[in-house]
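S.K.: File work.txt below, compact mmCIF, C-alpha atoms and all ligand atoms:
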```
# COMPACT_ATOMS: atom_id res chain seq x y z
CA MET A 24 -67.51 18.06 29.31
CA ASP A 25 -66.28 21.59 28.93
CA ARG A 26 -65.88 23.12 25.51
CA MET A 27 -63.48 25.79 24.32
CA LYS A 28 -62.88 28.04 21.34
CA LEU A 29 -59.66 27.28 19.52
CA GLY A 30 -58.29 30.76 18.91
CA LYS A 31 -58.94 32.42 15.56
CA THR A 32 -60.19 29.18 14.07
CA ASN A 33 -63.42 29.73 16.03
CA LEU A 34 -63.73 25.94 16.20
CA GLU A 35 -65.61 24.95 19.35
CA VAL A 36 -64.01 21.79 20.61
CA ASN A 37 -64.23 19.43 23.54
CA LYS A 38 -61.54 20.44 26.07
CA ASN A 39 -60.08 16.93 25.86
CA GLY A 40 -58.26 16.53 22.54
CA PHE A 41 -57.03 13.18 21.25
CA GLY A 42 -53.33 12.97 20.37
CA ALA A 43 -53.03 10.15 17.85
CA LEU A 44 -49.27 9.57 17.85
CA PRO A 45 -49.27 6.62 20.30
CA ILE A 46 -51.94 4.58 18.50
CA GLN A 47 -49.22 3.80 15.97
CA ARG A 48 -48.09 1.25 18.54
CA ARG A 49 -51.47 -0.54 18.66
CA ASN A 50 -52.95 -2.79 16.01
CA MET A 51 -55.77 -1.62 13.77
CA GLU A 52 -58.56 -3.33 15.70
CA ASP A 53 -57.53 -2.00 19.12
CA SER A 54 -56.92 1.48 17.73
CA ILE A 55 -60.38 1.58 16.18
CA GLU A 56 -61.91 0.52 19.48
CA ILE A 57 -60.06 3.26 21.38
CA LEU A 58 -60.87 5.96 18.82
CA ARG A 59 -64.50 4.95 18.64
CA THR A 60 -64.84 4.94 22.42
CA ALA A 61 -63.33 8.43 22.51
CA TYR A 62 -65.80 9.60 19.89
CA ASP A 63 -68.78 8.03 21.68
CA ALA A 64 -67.71 9.83 24.87
CA GLY A 65 -67.74 13.20 23.11
CA ILE A 66 -64.10 13.77 22.15
CA ASP A 67 -64.22 15.60 18.84
CA PHE A 68 -60.71 16.93 18.12
CA TYR A 69 -58.19 14.45 16.73
CA ASP A 70 -54.60 15.47 16.05
CA THR A 71 -52.31 13.32 13.93
CA ALA A 72 -49.50 13.74 11.40
CA HIS A 73 -48.36 12.40 8.07
CA PHE A 74 -45.22 11.30 9.93
CA TYR A 75 -47.11 9.08 12.44
CA THR A 76 -47.03 6.00 10.18
CA ASP A 77 -50.54 4.46 10.11
CA SER A 78 -52.18 6.82 12.63
CA GLU A 79 -54.09 8.72 9.90
CA GLU A 80 -55.32 5.49 8.37
CA LYS A 81 -56.56 4.29 11.76
CA ILE A 82 -58.47 7.54 12.25
CA GLY A 83 -59.97 7.19 8.77
CA ASN A 84 -61.07 3.62 9.47
CA ALA A 85 -62.46 4.43 12.92
CA LEU A 86 -64.13 7.75 12.24
CA GLY A 87 -64.60 8.05 8.49
CA ASP A 88 -68.37 7.58 8.81
CA VAL A 89 -68.71 10.36 11.40
CA ARG A 90 -66.41 12.83 9.66
CA GLU A 91 -68.87 15.70 9.84
CA ASP A 92 -69.18 15.38 13.64
CA ILE A 93 -65.48 15.76 14.40
CA TYR A 94 -62.48 18.02 13.79
CA LEU A 95 -59.42 16.57 12.13
CA ALA A 96 -55.97 18.11 12.46
CA SER A 97 -52.86 16.82 10.77
CA LYS A 98 -49.42 18.12 9.93
CA SER A 99 -46.63 17.91 7.44
CA GLY A 100 -42.90 18.25 7.97
CA ALA A 101 -42.37 18.92 4.26
CA GLU A 102 -39.89 21.62 3.41
CA THR A 103 -40.57 21.61 -0.34
CA VAL A 104 -43.83 22.47 -2.05
CA GLU A 105 -43.90 19.12 -3.88
CA GLU A 106 -43.64 17.18 -0.61
CA PHE A 107 -46.23 19.45 0.99
CA TRP A 108 -48.85 18.54 -1.63
CA SER A 109 -47.92 14.89 -1.56
CA ASP A 110 -48.24 14.79 2.27
CA LEU A 111 -51.57 16.62 2.24
CA GLU A 112 -53.07 14.40 -0.45
CA THR A 113 -51.92 11.27 1.42
CA SER A 114 -53.38 12.56 4.69
CA LEU A 115 -56.77 13.26 3.11
CA LYS A 116 -56.87 9.86 1.46
CA SER A 117 -55.78 8.01 4.61
CA MET A 118 -58.33 9.82 6.76
CA LYS A 119 -61.12 9.25 4.21
CA THR A 120 -61.99 12.92 3.95
CA ASP A 121 -61.71 15.72 1.40
CA TYR A 122 -60.77 18.42 3.92
CA LEU A 123 -58.90 18.91 7.17
CA ASP A 124 -60.08 21.34 9.82
CA LEU A 125 -56.52 22.25 10.70
CA TYR A 126 -53.24 21.68 8.87
CA GLN A 127 -49.97 22.45 10.60
CA PHE A 128 -46.33 22.80 9.66
CA HIS A 129 -44.70 20.02 11.64
CA ASN A 130 -41.58 21.14 13.45
CA ILE A 131 -39.86 22.36 10.32
CA SER A 132 -36.53 24.18 10.40
CA PHE A 133 -37.99 27.69 10.09
CA CYS A 134 -41.23 29.56 10.60
CA PRO A 135 -42.77 30.09 7.13
CA LYS A 136 -43.94 33.64 6.41
CA GLU A 137 -46.28 35.06 3.80
CA ASP A 138 -43.69 35.31 1.05
CA ASP A 139 -42.41 31.75 1.54
CA GLU A 140 -43.65 29.30 -1.07
CA LEU A 141 -44.58 26.80 1.66
CA TYR A 142 -46.93 29.29 3.30
CA GLN A 143 -48.33 30.13 -0.14
CA ALA A 144 -49.02 26.41 -0.60
CA MET A 145 -50.97 26.45 2.69
CA LEU A 146 -53.04 29.39 1.41
CA GLU A 147 -53.67 27.62 -1.88
CA ALA A 148 -54.79 24.48 -0.03
CA LYS A 149 -57.18 26.67 1.96
CA ASP A 150 -58.51 28.33 -1.21
CA LYS A 151 -59.13 24.91 -2.71
CA GLY A 152 -61.08 23.84 0.40
CA MET A 153 -58.59 21.09 1.27
CA ILE A 154 -57.90 22.68 4.66
CA ASN A 155 -59.87 25.15 6.74
CA HIS A 156 -57.27 26.55 9.13
CA ILE A 157 -53.51 26.99 9.30
CA GLY A 158 -51.34 26.16 12.30
CA ILE A 159 -47.78 25.40 13.23
CA THR A 160 -46.18 22.97 15.64
CA THR A 161 -42.70 23.53 16.99
CA HIS A 162 -40.43 22.86 19.98
CA LYS A 163 -38.42 26.02 19.46
CA ILE A 164 -39.54 28.95 21.54
CA THR A 165 -38.15 31.49 19.04
CA PHE A 166 -40.24 30.01 16.22
CA ALA A 167 -43.27 29.97 18.51
CA HIS A 168 -42.93 33.71 19.15
CA GLU A 169 -42.34 34.39 15.46
CA ALA A 170 -45.44 32.43 14.53
CA ILE A 171 -47.66 34.28 17.00
CA GLU A 172 -46.30 37.69 16.07
CA SER A 173 -46.61 37.02 12.34
CA GLY A 174 -50.41 36.89 12.60
CA LEU A 175 -50.32 34.11 9.99
CA TYR A 176 -51.20 31.21 12.25
CA GLU A 177 -54.49 30.38 13.87
CA THR A 178 -53.01 27.80 16.22
CA LEU A 179 -49.68 27.03 17.83
CA GLN A 180 -48.86 23.52 19.01
CA TYR A 181 -46.15 23.49 21.66
CA PRO A 182 -45.08 21.26 24.59
CA PHE A 183 -46.94 22.31 27.72
CA SER A 184 -47.55 20.58 31.01
CA TYR A 185 -47.28 21.28 34.72
CA LEU A 186 -43.54 20.77 34.30
CA SER A 187 -43.33 23.79 32.01
CA GLY A 188 -41.67 26.99 33.16
CA GLU A 189 -42.19 30.73 32.89
CA GLU A 190 -41.30 30.84 29.19
CA GLU A 191 -44.10 28.49 28.26
CA LEU A 192 -46.56 30.31 30.52
CA GLU A 193 -45.69 33.54 28.71
CA LEU A 194 -46.36 31.80 25.42
CA VAL A 195 -49.80 30.70 26.57
CA LYS A 196 -50.58 34.27 27.60
CA LYS A 197 -49.27 35.68 24.35
CA CYS A 198 -51.42 33.24 22.38
CA GLU A 199 -54.44 34.40 24.33
CA GLU A 200 -53.63 38.05 23.59
CA HIS A 201 -53.23 37.31 19.87
CA ASP A 202 -56.22 34.95 19.78
CA VAL A 203 -54.04 32.05 18.65
CA GLY A 204 -55.32 28.67 19.80
CA PHE A 205 -52.74 26.93 21.98
CA ILE A 206 -52.60 23.17 21.45
CA ALA A 207 -50.62 21.50 24.23
CA MET A 208 -48.53 18.54 23.14
CA LYS A 209 -46.70 16.41 25.71
CA ALA A 210 -49.17 17.42 28.38
CA MET A 211 -47.97 14.35 30.32
CA GLY A 212 -44.37 15.60 30.15
CA GLY A 213 -43.40 13.26 27.31
CA GLY A 214 -44.32 10.22 29.42
CA LEU A 215 -42.71 11.31 32.68
CA ILE A 216 -45.87 12.46 34.42
CA LYS A 217 -47.83 9.70 36.10
CA ASN A 218 -50.58 11.78 37.64
CA SER A 219 -53.16 12.31 34.88
CA LYS A 220 -55.62 13.97 37.27
CA ALA A 221 -53.10 16.63 38.26
CA SER A 222 -52.22 17.12 34.59
CA PHE A 223 -55.83 17.53 33.61
CA ALA A 224 -56.58 19.91 36.48
CA TYR A 225 -53.49 21.99 35.72
CA ILE A 226 -54.27 22.41 32.01
CA ASN A 227 -57.93 22.94 32.75
CA GLN A 228 -57.01 26.28 34.36
CA PHE A 229 -56.20 27.75 30.96
CA ASP A 230 -59.25 28.55 28.86
CA ASN A 231 -57.24 28.88 25.65
CA VAL A 232 -55.23 25.65 25.96
CA LEU A 233 -56.34 22.46 24.27
CA PRO A 234 -54.44 19.39 25.51
CA ILE A 235 -54.12 16.54 23.05
CA TRP A 236 -53.61 13.56 25.33
CA GLY A 237 -51.42 10.93 23.72
CA ILE A 238 -53.57 7.87 24.24
CA GLN A 239 -52.66 4.31 23.42
CA LYS A 240 -54.60 2.29 26.00
CA MET A 241 -58.25 2.14 26.90
CA GLU A 242 -57.34 2.64 30.59
CA GLU A 243 -55.61 5.91 29.74
CA LEU A 244 -58.62 7.09 27.77
CA ASN A 245 -60.96 6.16 30.60
CA GLU A 246 -58.83 8.14 33.07
CA PHE A 247 -59.19 11.31 31.02
CA LEU A 248 -62.87 10.69 30.42
CA SER A 249 -63.43 10.46 34.16
CA TYR A 250 -62.34 14.10 34.64
CA ASP A 251 -64.45 17.11 33.84
CA GLU A 252 -64.74 20.85 34.43
CA ASN A 253 -65.10 20.11 38.15
CA THR A 254 -61.66 18.50 38.24
CA ILE A 255 -59.77 21.42 39.69
CA LEU A 256 -56.39 21.90 41.30
CA THR A 257 -56.92 20.97 44.92
CA ASP A 258 -54.24 21.53 47.56
CA GLU A 259 -53.46 17.83 47.37
CA LEU A 260 -52.93 17.93 43.59
CA LYS A 261 -50.84 21.09 43.91
CA ALA A 262 -48.61 19.30 46.42
CA ASP A 263 -48.25 16.33 44.02
CA ILE A 264 -47.17 18.70 41.25
CA GLU A 265 -44.62 20.45 43.44
CA LYS A 266 -43.18 17.11 44.49
CA ASP A 267 -42.90 16.01 40.85
CA LYS A 268 -41.17 19.23 39.84
CA GLU A 269 -38.75 18.91 42.70
CA ASP A 270 -37.91 15.31 41.74
CA LEU A 271 -37.29 16.18 38.09
CA GLY A 272 -35.45 19.48 38.46
CA GLU A 273 -34.77 21.67 35.41
CA ASN A 274 -32.31 19.71 33.33
CA PHE A 275 -34.26 16.65 32.37
CA CYS A 276 -34.79 15.18 28.94
CA ARG A 277 -38.40 15.58 27.75
CA GLY A 278 -38.07 12.77 25.22
CA CYS A 279 -39.02 14.90 22.22
CA GLY A 280 -36.43 13.16 20.03
CA TYR A 281 -35.42 16.28 18.11
CA CYS A 282 -31.76 15.58 18.82
CA MET A 283 -31.93 12.32 16.90
CA PRO A 284 -30.72 10.48 14.93
CA CYS A 285 -27.34 10.36 16.62
CA PRO A 286 -24.61 9.50 14.08
CA GLU A 287 -23.35 6.84 16.52
CA GLY A 288 -26.79 5.25 16.76
CA ILE A 289 -27.40 6.17 20.39
CA ASN A 290 -31.04 6.16 21.47
CA ILE A 291 -30.73 9.52 23.23
CA SER A 292 -34.36 10.03 24.22
CA LEU A 293 -34.42 6.69 26.02
CA CYS A 294 -30.91 6.68 27.50
CA ALA A 295 -30.89 10.30 28.68
CA ARG A 296 -34.07 9.60 30.68
CA MET A 297 -33.18 6.19 32.04
CA SER A 298 -32.66 7.33 35.64
CA LEU A 299 -36.13 8.88 35.60
CA TRP A 300 -37.77 5.88 33.93
CA ILE A 301 -36.45 3.33 36.36
CA ARG A 302 -37.58 5.36 39.34
CA ARG A 303 -40.95 6.46 38.06
CA PHE A 304 -41.93 3.23 36.32
CA PRO A 305 -40.11 0.50 38.22
CA THR A 306 -42.36 -2.24 36.85
CA GLU A 307 -41.46 -1.51 33.20
CA PRO A 308 -38.84 -3.86 31.72
CA ASN A 309 -36.03 -1.32 31.81
CA MET A 310 -33.48 -3.77 33.15
CA ASP A 311 -33.88 -6.39 30.43
CA GLU A 312 -31.07 -7.49 28.13
CA LYS A 313 -32.24 -5.34 25.23
CA THR A 314 -32.29 -2.16 27.33
CA GLN A 315 -28.92 -2.97 28.86
CA LYS A 316 -27.49 -3.27 25.34
CA THR A 317 -29.05 0.05 24.39
CA MET A 318 -27.48 1.67 27.46
CA GLU A 319 -24.07 0.19 26.56
CA GLU A 320 -24.30 2.01 23.23
CA THR A 321 -24.11 5.35 25.04
CA LEU A 322 -20.40 4.56 25.49
CA ASN A 323 -20.06 5.13 21.73
CA CYS A 324 -20.70 8.84 22.22
CA ILE A 325 -17.84 10.73 20.56
CA GLU A 326 -19.01 14.03 22.07
CA CYS A 327 -19.54 15.61 18.66
CA TYR A 328 -22.31 17.76 20.20
CA ALA A 329 -24.39 17.56 17.01
CA CYS A 330 -27.36 16.54 19.17
CA VAL A 331 -26.98 19.49 21.53
CA ASP A 332 -27.52 21.97 18.69
CA ASN A 333 -30.95 20.43 18.11
CA CYS A 334 -32.09 20.13 21.71
CA PRO A 335 -34.75 22.81 22.35
CA TYR A 336 -33.92 22.64 26.07
CA GLU A 337 -30.19 23.14 25.49
CA LEU A 338 -29.28 20.10 27.55
CA ASP A 339 -25.70 18.92 27.82
CA ILE A 340 -26.61 15.57 26.28
CA PRO A 341 -23.20 13.83 26.44
CA GLU A 342 -23.05 14.67 30.15
CA LEU A 343 -26.61 13.51 30.71
CA LEU A 344 -25.84 10.22 28.98
CA LYS A 345 -22.82 9.65 31.21
CA GLU A 346 -24.82 10.37 34.37
CA ASN A 347 -27.63 8.07 33.30
CA TYR A 348 -25.21 5.30 32.33
CA GLU A 349 -23.47 5.42 35.68
CA ASP A 350 -26.72 5.51 37.62
CA TYR A 351 -28.15 2.65 35.56
CA HIS A 352 -25.15 0.48 36.35
CA ASN A 353 -25.33 1.32 40.01
CA VAL A 354 -28.95 0.23 40.04
CA LEU A 355 -28.16 -2.92 38.04
CA SER A 356 -25.38 -3.91 40.42
CA GLY A 357 -27.51 -3.21 43.48
CA LYS A 358 -25.23 -0.40 44.64
CA THR A 359 -28.17 1.99 44.34
CA LYS A 360 -31.55 0.82 45.61
CA ILE A 361 -34.57 2.35 43.91
CA ARG A 362 -37.53 0.66 45.57
S1 LIG A 401 -22.65 14.07 21.19
FE1 LIG A 401 -22.82 11.87 21.43
S2 LIG A 401 -24.99 11.50 21.61
FE2 LIG A 401 -24.77 13.53 20.72
S3 LIG A 401 -24.85 13.19 18.48
FE3 LIG A 401 -22.68 13.19 19.11
S4 LIG A 401 -22.25 11.01 19.45
FE4 LIG A 401 -24.48 11.22 19.47
S1 LIG A 402 -32.07 15.47 24.79
FE1 LIG A 402 -33.25 17.31 24.27
S2 LIG A 402 -33.80 17.05 22.11
FE2 LIG A 402 -33.10 15.07 22.84
S3 LIG A 402 -34.97 14.01 23.43
FE3 LIG A 402 -34.18 15.01 25.27
S4 LIG A 402 -35.18 17.00 25.38
FE4 LIG A 402 -35.48 16.23 23.30
```
How does the structure come out when it is put into structure tokens?
M.R.:
Amino acid sequence: MDRMKLGKTNLEVNKNGFGALPIQRRNMEDSIEILRTAYDAGIDFYDTAHFYTDSEEKIGNALGDVREDIYLASKSGAETVEEFWSDLETSLKSMKTDYLDLYQFHNISFCPKEDDELYQAMLEAKDKGMINHIGITTHKITFAHEAIESGLYETLQYPFSYLSGEEELELVKKCEEHDVGFIAMKAMGGGLIKNSKASFAYINQFDNVLPIWGIQKMEELNEFLSYDENTILTDELKADIEKDKEDLGENFCRGCGYCMPCPEGINISLCARMSLWIRRFPTEPNMDEKTQKTMEETLNCIECYACVDNCPYELDIPELLKENYEDYHNVLSGKTKIR
């Protein structure tokens, strides 16, 4: 498997990174099996977060004994220095290690600069040997540019997939120019992309991009392990990508969840994508009673637009919810056929 240099960190990593958010949804035993299989197959970069419930603990249990053979990245969404230290200490303990290879600010509400106490805390953690490199993860393009231009960050983690547009491609290029490692989150479009081979081949074109595949099943892991540097964008895969882009258009919800919580309790990231889910994954239980109840809750939207302010893609969420609700009911009643 191909290897790549992760920007200024100079870490040489396997071009398949492991995104450890979804293993939260698996039990300890299954998670350990998946993580260990990934390790045995040569995956050596594992990205998690303090926020991902027991993900760090699962990594510690699965890979604690091979710590020196792998790279561990975690992140903290703390916005106070006290919380920052508490998060970092918890992460180290949970992952059974005394240092992290990469520590990232996790989608916080600003891009910390040198004179901010949070960035100073990062530097202190580095001085103490608790972390080796400093990165940032964000969904806001303005923060991403600020972070690259500041010269303070060795990596940027940002959503990137074959559904991304010109703005994201510019970001990838800018990272390359500034020698900032680009870590691609949501490389499967936040769950909307079905074609892992096309995803892999697309990302594989960029030497400076490290995808962290969000893996929660052994089958998913095995799919990614079956691809290698020879998995390139063929005409057939290019056609699949174009078809996918056409189907999704521009204004689709990526499921990032940054617009939540909604004060009315609406599950925006599920409901605003329902039309896509039921067409792309028709075998999933999207028509069950529980989901129907969740969709009914979209009627509670008071159009306060609080969510819209937090959507990095500037979607008209109340409108999207209405469209999805109507479509869902048309499918439920049989008025619209989807198979
Ligand atoms: S506009 Fe609707 S969905 Fe958005 S936060 Fe307000 S009530 Fe919730
Ligand atoms: S509506 Fe926007 S912020 Fe909310 S989940 Fe979708 S893409 Fe993310």
S.K.: Which value, in Å to one decimal, gives the distance between atom CA of Tyr126 of chain A and atom CA of Met145 of chain A?
M.R.: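 Separation between atom CA of Tyr126 of chain A and atom CA of Met145 of chain A: 8.1 Å.
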S.K.: Tell me which of A:Asn309, A:Thr76, A:Thr359, A:Asn290 sits closest to ligand LIG 401 (chain A), counting only C-alpha atoms and all ligand atoms.
M.R.: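 Of all the options, A:Asn290 lies closest to ligand LIG 401 (chain A).
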S.K.: Could the residues of chain A that have an atom at most 8 Å from ligand LIG 402 (chain A) be listed as JSON lines, each with its closest atom pair and the distance in Å to one decimal, counting only C-alpha atoms and all ligand atoms and ordered by chain and ascending residue number?
M.R.:
```
{"residue": "A:Phe275", "atom": "CA", "partner": "A:LIG402", "partner_atom": "S4", "distance": 7.1}
{"residue": "A:Cys276", "atom": "CA", "partner": "A:LIG402", "partner_atom": "FE3", "distance": 3.7}
{"residue": "A:Arg277", "atom": "CA", "partner": "A:LIG402", "partner_atom": "S4", "distance": 4.2}
{"residue": "A:Gly278", "atom": "CA", "partner": "A:LIG402", "partner_atom": "S3", "distance": 3.8}
{"residue": "A:Cys279", "atom": "CA", "partner": "A:LIG402", "partner_atom": "FE4", "distance": 3.9}
{"residue": "A:Gly280", "atom": "CA", "partner": "A:LIG402", "partner_atom": "S3", "distance": 3.8}
{"residue": "A:Tyr281", "atom": "CA", "partner": "A:LIG402", "partner_atom": "S2", "distance": 4.4}
{"residue": "A:Cys282", "atom": "CA", "partner": "A:LIG402", "partner_atom": "S2", "distance": 4.1}
{"residue": "A:Met283", "atom": "CA", "partner": "A:LIG402", "partner_atom": "FE2", "distance": 6.6}
{"residue": "A:Ile291", "atom": "CA", "partner": "A:LIG402", "partner_atom": "FE2", "distance": 6.0}
{"residue": "A:Ser292", "atom": "CA", "partner": "A:LIG402", "partner_atom": "S3", "distance": 4.1}
{"residue": "A:Leu293", "atom": "CA", "partner": "A:LIG402", "partner_atom": "S3", "distance": 7.8}
{"residue": "A:Ala295", "atom": "CA", "partner": "A:LIG402", "partner_atom": "S1", "distance": 6.6}
{"residue": "A:Arg296", "atom": "CA", "partner": "A:LIG402", "partner_atom": "FE3", "distance": 7.7}
{"residue": "A:Cys330", "atom": "CA", "partner": "A:LIG402", "partner_atom": "FE2", "distance": 7.0}
{"residue": "A:Val331", "atom": "CA", "partner": "A:LIG402", "partner_atom": "FE1", "distance": 7.2}
{"residue": "A:Asn333", "atom": "CA", "partner": "A:LIG402", "partner_atom": "S2", "distance": 6.0}
{"residue": "A:Cys334", "atom": "CA", "partner": "A:LIG402", "partner_atom": "S2", "distance": 3.5}
{"residue": "A:Pro335", "atom": "CA", "partner": "A:LIG402", "partner_atom": "S2", "distance": 5.8}
{"residue": "A:Tyr336", "atom": "CA", "partner": "A:LIG402", "partner_atom": "FE1", "distance": 5.7}
{"residue": "A:Glu337", "atom": "CA", "partner": "A:LIG402", "partner_atom": "FE1", "distance": 6.7}
{"residue": "A:Leu338", "atom": "CA", "partner": "A:LIG402", "partner_atom": "FE1", "distance": 5.9}
{"residue": "A:Asp339", "atom": "CA", "partner": "A:LIG402", "partner_atom": "S1", "distance": 7.9}
{"residue": "A:Ile340", "atom": "CA", "partner": "A:LIG402", "partner_atom": "S1", "distance": 5.7}
```
S.K.: Show me which residues line ligand LIG 401 (chain A), defined as having an atom within 6 Å of a ligand atom where all atoms listed in the file count, and present them as a list in words.
M.R.: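 Those residues are Cys285, Pro286, Glu287, Ile289, Cys324, Ile325, Glu326, Cys327, Tyr328, Ala329, Cys330 and Pro341 of chain A.
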S.K.: Identify, on the basis of only C-alpha atoms, every residue whose closest approach to segment 225-241 of chain A does not exceed 6 Å; exclude the query and any residue fewer than 6 positions from it along the same chain; express the result as a JSON list (two decimals) with C-alpha atoms, in the coordinates of the input.
M.R.:
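Wrote out.json, looks like this:
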```
[["chain", "number", "residue", "atom", "x", "y", "z"],
["A", 38, "LYS", "CA", -61.54, 20.44, 26.07],
["A", 40, "GLY", "CA", -58.26, 16.53, 22.54],
["A", 41, "PHE", "CA", -57.03, 13.18, 21.25],
["A", 42, "GLY", "CA", -53.33, 12.97, 20.37],
["A", 45, "PRO", "CA", -49.27, 6.62, 20.30],
["A", 46, "ILE", "CA", -51.94, 4.58, 18.50],
["A", 57, "ILE", "CA", -60.06, 3.26, 21.38],
["A", 205, "PHE", "CA", -52.74, 26.93, 21.98],
["A", 206, "ILE", "CA", -52.60, 23.17, 21.45],
["A", 207, "ALA", "CA", -50.62, 21.50, 24.23],
["A", 208, "MET", "CA", -48.53, 18.54, 23.14]]
```
S.K.: With distances taken over all atoms listed in the file, which of A:Asn155, A:Ser97, A:Thr321, A:Thr254 is nearest to Lys31 of chain A?
M.R.: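 The closest residue to Lys31 of chain A is A:Asn155.
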S.K.: Kindly indicate which residue among A:Trp108, A:Tyr75, A:Tyr122, A:Phe304 lies nearest to Arg90 of chain A, using only C-alpha atoms for the distances.
M.R.: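 Under the stated criterion, the closest residue is A:Tyr122.
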S.K.: Could you give me, as a count of residues only, the residues within 12 Å of Glu190 of chain A, counting all atoms listed in the file and dropping anything in the same chain fewer than 3 positions from it?
M.R.: 16
S.K.: Figure out the distance between atom CA of Asn37 of chain A and atom CA of Ile66 of chain A, please, to one decimal in Å.
M.R.: 5.8 Å
S.K.: Quick one, how far is atom CA of Ile255 of chain A from atom CA of Glu243 of chain A?
M.R.: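 Separation of atom CA of Ile255 of chain A and atom CA of Glu243 of chain A: 18.9 Å.
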